[in-house]
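Dropping target33.txt in here (compact mmCIF, C-alpha atoms):
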```txt
# COMPACT_ATOMS: atom_id res chain seq x y z
CA MET A 1 15.51 15.14 3.23
CA ALA A 2 16.15 18.70 2.12
CA GLY A 3 13.80 19.91 -0.58
CA HIS A 4 10.77 17.81 0.20
CA SER A 5 8.64 17.07 3.21
CA LYS A 6 7.88 13.52 4.30
CA TRP A 7 4.79 14.82 6.04
CA ALA A 8 3.54 16.67 2.95
CA ASN A 9 4.08 13.62 0.77
CA ILE A 10 2.30 11.24 3.14
CA GLN A 11 -0.64 13.67 3.45
CA HIS A 12 -0.74 13.97 -0.33
CA ARG A 13 -0.89 10.19 -0.68
CA LYS A 14 -3.55 9.86 2.01
CA GLY A 15 -5.65 12.52 0.28
CA ARG A 16 -5.40 10.69 -3.02
CA GLN A 17 -6.46 7.43 -1.37
CA ASP A 18 -9.43 9.14 0.26
CA ALA A 19 -10.48 10.47 -3.14
CA LYS A 20 -10.61 6.96 -4.59
CA ARG A 21 -13.08 5.50 -2.09
CA GLY A 22 -15.33 4.22 -4.90
CA LYS A 23 -12.91 1.44 -5.80
CA VAL A 24 -11.90 0.58 -2.24
CA PHE A 25 -14.58 -2.03 -1.52
CA THR A 26 -13.87 -3.88 -4.77
CA LYS A 27 -10.15 -4.01 -4.03
CA LEU A 28 -10.65 -5.10 -0.43
CA ILE A 29 -13.07 -7.88 -1.40
CA LYS A 30 -10.51 -9.20 -3.90
CA GLU A 31 -7.75 -9.10 -1.29
CA ILE A 32 -9.86 -10.86 1.36
CA THR A 33 -10.85 -13.55 -1.15
CA VAL A 34 -7.27 -14.23 -2.26
CA ALA A 35 -5.92 -14.11 1.30
CA ALA A 36 -8.51 -16.68 2.43
CA LYS A 37 -7.81 -18.86 -0.61
CA MET A 38 -4.07 -18.89 0.05
CA GLY A 39 -3.96 -19.09 3.83
CA GLY A 40 -7.34 -20.34 5.02
CA GLY A 41 -10.39 -18.57 6.39
CA ASP A 42 -9.28 -18.16 10.03
CA PRO A 43 -7.84 -14.65 10.56
CA ALA A 44 -6.09 -15.79 13.75
CA MET A 45 -4.01 -18.24 11.70
CA ASN A 46 -3.71 -16.10 8.55
CA PRO A 47 -1.92 -12.72 9.04
CA ARG A 48 -2.64 -11.56 5.49
CA LEU A 49 -6.37 -12.20 5.94
CA ARG A 50 -6.34 -10.51 9.36
CA LEU A 51 -4.78 -7.39 7.84
CA ALA A 52 -7.24 -7.36 4.93
CA ILE A 53 -10.24 -7.70 7.26
CA GLU A 54 -8.93 -4.90 9.49
CA LYS A 55 -8.60 -2.62 6.46
CA ALA A 56 -12.14 -3.52 5.38
CA LYS A 57 -13.51 -2.73 8.84
CA GLY A 58 -11.59 0.56 8.75
CA GLU A 59 -13.51 1.42 5.58
CA SER A 60 -16.84 0.47 7.26
CA MET A 61 -17.41 -2.51 4.97
CA PRO A 62 -20.51 -4.47 6.11
CA LYS A 63 -19.75 -7.72 7.95
CA ASP A 64 -21.75 -9.76 5.39
CA ASN A 65 -19.50 -8.52 2.58
CA ILE A 66 -16.42 -9.56 4.53
CA ASP A 67 -17.83 -12.97 5.45
CA ASN A 68 -18.91 -13.68 1.87
CA ALA A 69 -15.48 -12.73 0.53
CA VAL A 70 -13.86 -15.16 2.97
CA LYS A 71 -16.30 -17.89 1.94
CA ARG A 72 -15.55 -17.32 -1.74
CA GLY A 73 -11.87 -17.66 -0.96
CA THR A 74 -12.31 -20.91 0.93
CA GLY A 75 -14.65 -22.35 -1.69
CA GLN A 76 -17.83 -22.22 0.42
CA LEU A 77 -19.35 -19.82 -2.11
CA GLU A 78 -18.82 -19.68 -5.85
CA GLY A 79 -16.97 -16.71 -7.25
CA VAL A 80 -14.33 -15.44 -9.64
CA SER A 81 -10.87 -16.91 -9.14
CA TYR A 82 -8.18 -14.22 -8.97
CA GLU A 83 -4.44 -14.57 -9.47
CA GLU A 84 -1.71 -12.33 -8.13
CA ALA A 85 0.48 -10.52 -10.64
CA ARG A 86 3.26 -8.00 -10.10
CA TYR A 87 4.64 -5.71 -12.81
CA GLU A 88 7.66 -3.46 -12.48
CA GLY A 89 9.01 -0.52 -14.40
CA TYR A 90 10.32 3.02 -14.44
CA GLY A 91 8.55 6.34 -14.38
CA ILE A 92 9.70 9.90 -14.98
CA GLY A 93 13.35 10.51 -14.14
CA GLY A 94 13.94 6.80 -13.64
CA ALA A 95 11.69 6.59 -10.56
CA ALA A 96 11.01 2.95 -9.71
CA VAL A 97 7.40 1.68 -9.92
CA ILE A 98 5.81 -1.56 -8.69
CA VAL A 99 2.24 -2.44 -9.72
CA ASP A 100 0.50 -5.20 -7.74
CA CYS A 101 -2.60 -6.71 -9.34
CA LEU A 102 -5.27 -9.31 -8.67
CA THR A 103 -6.75 -10.50 -11.94
CA ASP A 104 -8.84 -13.18 -13.61
CA ASN A 105 -7.12 -12.50 -16.95
CA LYS A 106 -3.36 -11.86 -16.93
CA VAL A 107 -3.23 -11.24 -20.69
CA ARG A 108 -5.63 -8.32 -20.33
CA THR A 109 -3.91 -6.98 -17.23
CA VAL A 110 -0.36 -6.96 -18.58
CA ALA A 111 -1.57 -5.21 -21.76
CA ASP A 112 -3.37 -2.53 -19.71
CA VAL A 113 -0.37 -1.95 -17.45
CA ARG A 114 2.08 -1.78 -20.36
CA HIS A 115 -0.19 0.68 -22.18
CA ALA A 116 -0.37 2.98 -19.13
CA PHE A 117 3.42 2.97 -18.74
CA SER A 118 4.04 3.79 -22.40
CA LYS A 119 1.26 6.38 -22.73
CA TYR A 120 2.43 8.43 -19.75
CA GLY A 121 6.18 8.45 -20.26
CA GLY A 122 7.25 5.38 -18.32
CA ASN A 123 8.80 2.06 -19.29
CA MET A 124 7.60 -1.34 -18.19
CA GLY A 125 10.56 -3.52 -17.20
CA THR A 126 11.27 -7.17 -16.54
CA ASP A 127 10.37 -9.10 -13.39
CA GLY A 128 12.65 -8.08 -10.53
CA CYS A 129 14.05 -4.99 -12.25
CA VAL A 130 13.11 -2.66 -9.37
CA ALA A 131 11.70 -4.84 -6.56
CA PHE A 132 15.10 -4.99 -4.85
CA GLN A 133 14.83 -1.21 -4.33
CA PHE A 134 11.87 -1.66 -1.95
CA LYS A 135 11.26 -3.24 1.45
CA HIS A 136 7.94 -4.91 2.31
CA CYS A 137 7.01 -3.44 5.69
CA GLY A 138 4.39 -1.72 7.80
CA GLN A 139 4.58 2.08 8.11
CA LEU A 140 2.91 4.22 10.76
CA MET A 141 3.30 7.99 10.38
CA PHE A 142 2.96 10.34 13.35
CA ALA A 143 2.56 14.11 13.11
CA PRO A 144 5.30 16.62 13.88
CA GLY A 145 5.20 17.45 17.59
CA THR A 146 4.68 13.85 18.75
CA ASP A 147 6.78 12.96 21.82
CA GLU A 148 9.57 11.08 20.09
CA ASP A 149 11.13 9.47 23.18
CA ALA A 150 7.81 8.18 24.50
CA LEU A 151 6.75 6.94 21.06
CA MET A 152 10.07 5.17 20.52
CA GLU A 153 9.84 3.41 23.86
CA ALA A 154 6.25 2.29 23.23
CA ALA A 155 7.00 1.23 19.64
CA LEU A 156 10.03 -0.87 20.45
CA GLU A 157 8.20 -2.46 23.36
CA ALA A 158 5.34 -3.32 20.97
CA GLY A 159 7.73 -5.10 18.60
CA ALA A 160 8.42 -2.42 15.97
CA ASP A 161 11.52 -2.83 13.81
CA ASP A 162 12.59 0.82 13.79
CA VAL A 163 11.58 4.38 14.61
CA VAL A 164 12.71 7.09 12.18
CA SER A 165 12.65 10.83 12.88
CA ASN A 166 12.33 12.93 9.72
CA ASP A 167 13.71 16.42 9.10
CA ASP A 168 10.21 17.90 9.03
CA GLY A 169 9.47 16.64 12.55
CA SER A 170 7.25 13.72 11.54
CA ILE A 171 8.08 10.29 12.94
CA GLU A 172 7.78 6.93 11.19
CA VAL A 173 7.39 3.63 12.99
CA LEU A 174 8.40 0.67 10.83
CA THR A 175 7.17 -2.89 11.45
CA GLY A 176 7.27 -6.27 9.81
CA PRO A 177 4.39 -6.61 7.33
CA TRP A 178 2.46 -9.10 9.44
CA GLU A 179 3.27 -7.40 12.78
CA PHE A 180 1.71 -4.12 11.60
CA THR A 181 -1.71 -4.66 13.22
CA THR A 182 -0.27 -5.80 16.55
CA VAL A 183 2.10 -2.82 16.79
CA LYS A 184 -0.58 -0.34 15.67
CA GLU A 185 -3.04 -1.60 18.32
CA ALA A 186 -0.37 -1.56 21.05
CA LEU A 187 0.56 2.04 20.22
CA GLU A 188 -3.10 3.09 20.28
CA ARG A 189 -3.44 1.56 23.75
CA ALA A 190 -0.38 3.61 24.77
CA GLY A 191 -2.07 6.77 23.51
CA PHE A 192 -0.37 7.11 20.10
CA LYS A 193 -2.73 7.19 17.12
CA ALA A 194 -1.03 7.30 13.73
CA GLU A 195 -2.17 9.89 11.20
CA PHE A 196 -1.50 7.40 8.44
CA GLY A 197 -0.66 3.70 8.40
CA GLU A 198 -0.31 0.96 5.84
CA VAL A 199 1.57 -2.15 4.87
CA SER A 200 3.54 -1.06 1.86
CA MET A 201 6.59 -1.49 -0.31
CA LYS A 202 8.84 1.23 1.12
CA PRO A 203 11.48 2.55 -1.29
CA LEU A 204 15.01 2.20 0.05
CA ASN A 205 16.05 5.26 -1.97
CA GLU A 206 13.74 8.08 -3.04
CA SER A 207 13.53 9.88 -6.39
CA PRO A 208 12.69 13.58 -5.81
CA LEU A 209 10.62 15.17 -8.60
CA SER A 210 9.35 18.70 -9.06
CA GLY A 211 7.66 20.91 -11.65
CA ASP A 212 6.64 19.26 -14.93
CA ASP A 213 8.32 15.99 -13.99
CA ALA A 214 6.21 15.74 -10.85
CA VAL A 215 3.03 16.44 -12.82
CA LYS A 216 3.92 13.81 -15.45
CA MET A 217 4.76 11.23 -12.77
CA GLN A 218 1.47 11.82 -10.98
CA LYS A 219 -0.41 11.26 -14.25
CA LEU A 220 1.39 7.93 -14.72
CA LEU A 221 0.59 6.82 -11.16
CA ASP A 222 -3.05 7.90 -11.57
CA ALA A 223 -3.35 5.96 -14.84
CA LEU A 224 -1.98 2.80 -13.25
CA GLU A 225 -4.12 3.12 -10.12
CA SER A 226 -7.27 3.61 -12.20
CA LEU A 227 -6.96 0.19 -13.84
CA ASP A 228 -9.57 -2.27 -12.57
CA ASP A 229 -7.10 -5.09 -11.90
CA VAL A 230 -4.60 -2.94 -10.00
CA GLN A 231 -4.59 -3.27 -6.21
CA GLU A 232 -1.61 -1.12 -5.25
CA VAL A 233 1.00 1.07 -6.95
CA TYR A 234 4.29 1.74 -5.18
CA SER A 235 6.89 4.23 -6.33
CA SER A 236 10.19 5.72 -5.24
CA ALA A 237 8.98 9.14 -6.46
CA VAL A 238 8.56 11.91 -3.90
CA PHE A 239 7.20 15.29 -4.85
CA GLU A 240 9.19 18.35 -3.79
CA ASP A 241 7.56 21.42 -2.31
```

How would this structure read if it were set down as structure tokens?
Amino acid sequence: MAGHSKWANIQHRKGRQDAKRGKVFTKLIKEITVAAKMGGGDPAMNPRLRLAIEKAKGESMPKDNIDNAVKRGTGQLEGVSYEEARYEGYGIGGAAVIVDCLTDNKVRTVADVRHAFSKYGGNMGTDGCVAFQFKHCGQLMFAPGTDEDALMEAALEAGADDVVSNDDGSIEVLTGPWEFTTVKEALERAGFKAEFGEVSMKPLNESPLSGDDAVKMQKLLDALESLDDVQEVYSSAVFED
């Protein structure tokens, strides 16, 4: 990991997410609606819906908003019908990029995504061109100085897949995507509160960028994330100190 800090990169990403709070409710309502449509309206029987509702509660979304989104998904209320769409491509220096969308118009969405890639120095690729470079999993990041042995014991007992110690002293706990909430809650009961946690597409190999390349890559990621139909953007890019 020489040359860049896992902790600095995760804090950078968290800061950028915090800065985009205005779009968070819209994205979460879409995700709850689609999750309920695909897997039913009972969170106990629908892990994707349970995760979406937990995220919404974490953002202090009113209960009525959550309930109405579930009802739109299950057909109890009328609403826009969204489809899932995933686009893949390459950014600066060949960094892999995945763009997950929920849209009511795929023609519009693919045009917007392609335009952002081309305008900011990337290339949109074919389906599957980079997805194999990522793993769908839950990530919990703990600050440098956390008791690694105690955290590892608690995490593995809670059902985590792996515990990774980084060169900068931060510790990552990795889970299955649908076990994320269970592991997170178990660790909190054991006294370990993550500084950052999400279900994500974790790159198997990272693409370190610095200087102008890092600036250009951040502009591409910002352009993609600003699109109305985009839910999440994942990248193998990491920004060096």

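Between atom CA of A:Val70 and atom CA of A:Leu102 the interatomic distance comes to 15.6 Å.
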
Problem - A:Ala223, A:Glu153, A:Glu84, A:Glu78 ranked by distance to A:Lys30, top pick (using all atoms listed in the file) - result: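 Smallest distance to A:Lys30 is found for A:Glu84.
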
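The residue that comes closest to A:Lys202, out of A:Ser170, A:Gln133, A:Gln218, A:Ser165 and on the basis of all atoms listed in the file, is A:Gln133.
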
Practice task
Excluding A:Val130 and residues on its chain fewer than 5 positions from it, collect all residues at most 8 Å away from it, counting all atoms listed in the file, and give them as a PyMOL selection string.
Solution key: chain A and resi 88-89+96-98

Practice task
Can you work out which one of A:Cys137, A:Met217, A:Met201, A:Ala131 has the shortest atom-to-atom distance to A:Gly93, counting only C-alpha atoms?
Solution key: A:Met217

Exercise for the section: For atom CA of A:Asp228 and atom CA of A:Val113, quote the distance in Å rounded to one decimal. Expected result: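 Taking atom CA of A:Asp228 as the start and atom CA of A:Val113 as the end point, the length is 10.4 Å.
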
Handout entry: Nearest candidate to A:Ser200 (options A:Leu174, A:Ala154, A:Ala116, A:Ala214; using all atoms listed in the file)
Key =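 The answer is A:Leu174, which sits nearest to A:Ser200.
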
Problem - Selection: 8 Å around A:Leu187, all atoms listed in the file, excl. self and same-chain fewer than 2 positions, as number ranges by chain - result: A: 151, 154-155, 158, 183-185, 189-193

Exercise for the section: Could you give me, as a VMD selection string, the residues within 12 Å of A:Lys219, counting only C-alpha atoms and dropping anything in the same chain fewer than 2 positions from it? Expected result: chain A and resid 91 to 92 116 to 122 212 to 217 221 to 226

Handout entry: Pick from A:Gly41, A:Pro47, A:Gly94, A:Gly79 nearest to A:Ser207, counting only C-alpha atoms
Key =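 Residue with the minimum atom-to-atom distance to A:Ser207: A:Gly94.
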
Output as JSON the centre and edge lengths (Å, one decimal) of the box along x, y and z of the file that holds every listed atom of stretch 181-184 of chain A after adding 8 Å on each side.
```
{"center_x": 0.2, "center_y": -3.1, "center_z": 15.0, "size_x": 19.8, "size_y": 21.5, "size_z": 19.6}
```

Exercise for the section: Check the smallest atom-to-atom distance from each of A:Gly75, A:Lys27, A:Glu206, A:Thr175 to A:Phe134 using only C-alpha atoms, then report the winner. Expected result: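 The answer is A:Glu206, which sits nearest to A:Phe134.
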
Exercise for the section: Measure the distance from atom CA of A:Val99 to atom CA of A:Ala85 in Å and round it to one decimal. Expected result: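 Rounded to one decimal, the two atoms are 8.3 Å apart.
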
Since the input lacks atoms, please generate N, CA and C atoms for stretch 136-170 of chain A and provide them as a tab-separated table (two decimals), in the frame of the given file.
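Output contents, as saved in rebuild-v6.tsv:
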```tsv
chain	number	residue	atom	x	y	z
A	136	HIS	N	9.32	-4.64	1.92
A	136	HIS	CA	7.94	-4.91	2.31
A	136	HIS	C	7.84	-4.72	3.83
A	137	CYS	N	7.07	-3.73	4.26
A	137	CYS	CA	7.01	-3.44	5.69
A	137	CYS	C	5.75	-2.66	6.02
A	138	GLY	N	5.47	-2.56	7.31
A	138	GLY	CA	4.39	-1.72	7.80
A	138	GLY	C	4.94	-0.34	8.14
A	139	GLN	N	4.18	0.70	7.82
A	139	GLN	CA	4.58	2.08	8.11
A	139	GLN	C	3.47	2.77	8.89
A	140	LEU	N	3.83	3.39	9.99
A	140	LEU	CA	2.91	4.22	10.76
A	140	LEU	C	3.52	5.62	10.85
A	141	MET	N	2.79	6.62	10.42
A	141	MET	CA	3.30	7.99	10.38
A	141	MET	C	2.63	8.84	11.46
A	142	PHE	N	3.46	9.49	12.27
A	142	PHE	CA	2.96	10.34	13.35
A	142	PHE	C	3.33	11.79	13.07
A	143	ALA	N	2.44	12.69	13.46
A	143	ALA	CA	2.56	14.11	13.11
A	143	ALA	C	3.74	14.77	13.82
A	144	PRO	N	4.29	15.82	13.19
A	144	PRO	CA	5.30	16.62	13.88
A	144	PRO	C	4.76	17.09	15.24
A	145	GLY	N	5.63	17.06	16.25
A	145	GLY	CA	5.20	17.45	17.59
A	145	GLY	C	4.92	16.27	18.50
A	146	THR	N	4.87	15.05	17.93
A	146	THR	CA	4.68	13.85	18.75
A	146	THR	C	5.91	13.65	19.65
A	147	ASP	N	5.69	13.21	20.87
A	147	ASP	CA	6.78	12.96	21.82
A	147	ASP	C	7.61	11.78	21.32
A	148	GLU	N	8.77	12.11	20.76
A	148	GLU	CA	9.57	11.08	20.09
A	148	GLU	C	10.08	10.01	21.06
A	149	ASP	N	10.57	10.43	22.23
A	149	ASP	CA	11.13	9.47	23.18
A	149	ASP	C	10.06	8.49	23.66
A	150	ALA	N	8.89	9.03	24.01
A	150	ALA	CA	7.81	8.18	24.50
A	150	ALA	C	7.31	7.24	23.41
A	151	LEU	N	7.20	7.77	22.18
A	151	LEU	CA	6.75	6.94	21.06
A	151	LEU	C	7.76	5.84	20.78
A	152	MET	N	9.04	6.18	20.79
A	152	MET	CA	10.07	5.17	20.52
A	152	MET	C	10.02	4.05	21.55
A	153	GLU	N	9.89	4.42	22.80
A	153	GLU	CA	9.84	3.41	23.86
A	153	GLU	C	8.63	2.49	23.67
A	154	ALA	N	7.47	3.09	23.41
A	154	ALA	CA	6.25	2.29	23.23
A	154	ALA	C	6.34	1.42	21.98
A	155	ALA	N	6.91	1.97	20.90
A	155	ALA	CA	7.00	1.23	19.64
A	155	ALA	C	7.92	0.03	19.76
A	156	LEU	N	9.08	0.24	20.33
A	156	LEU	CA	10.03	-0.87	20.45
A	156	LEU	C	9.51	-1.94	21.41
A	157	GLU	N	8.81	-1.49	22.44
A	157	GLU	CA	8.20	-2.46	23.36
A	157	GLU	C	7.11	-3.27	22.66
A	158	ALA	N	6.42	-2.64	21.70
A	158	ALA	CA	5.34	-3.32	20.97
A	158	ALA	C	5.86	-4.26	19.89
A	159	GLY	N	7.16	-4.20	19.60
A	159	GLY	CA	7.73	-5.10	18.60
A	159	GLY	C	8.03	-4.45	17.27
A	160	ALA	N	8.08	-3.11	17.22
A	160	ALA	CA	8.42	-2.42	15.97
A	160	ALA	C	9.87	-2.69	15.60
A	161	ASP	N	10.15	-2.62	14.30
A	161	ASP	CA	11.52	-2.83	13.81
A	161	ASP	C	12.39	-1.59	13.98
A	162	ASP	N	11.79	-0.40	13.78
A	162	ASP	CA	12.59	0.82	13.79
A	162	ASP	C	11.69	2.03	13.99
A	163	VAL	N	12.27	3.10	14.49
A	163	VAL	CA	11.58	4.38	14.61
A	163	VAL	C	12.47	5.43	13.95
A	164	VAL	N	11.92	6.15	12.97
A	164	VAL	CA	12.71	7.09	12.18
A	164	VAL	C	12.15	8.50	12.35
A	165	SER	N	13.04	9.41	12.75
A	165	SER	CA	12.65	10.83	12.88
A	165	SER	C	13.04	11.56	11.60
A	166	ASN	N	12.08	12.22	10.97
A	166	ASN	CA	12.33	12.93	9.72
A	166	ASN	C	12.65	14.40	9.97
A	167	ASP	N	13.29	15.03	8.96
A	167	ASP	CA	13.71	16.42	9.10
A	167	ASP	C	12.55	17.38	9.34
A	168	ASP	N	11.36	17.01	8.87
A	168	ASP	CA	10.21	17.90	9.03
A	168	ASP	C	9.50	17.71	10.37
A	169	GLY	N	10.05	16.84	11.23
A	169	GLY	CA	9.47	16.64	12.55
A	169	GLY	C	8.52	15.46	12.64
A	170	SER	N	8.11	14.91	11.50
A	170	SER	CA	7.25	13.72	11.54
A	170	SER	C	8.08	12.51	11.95
```
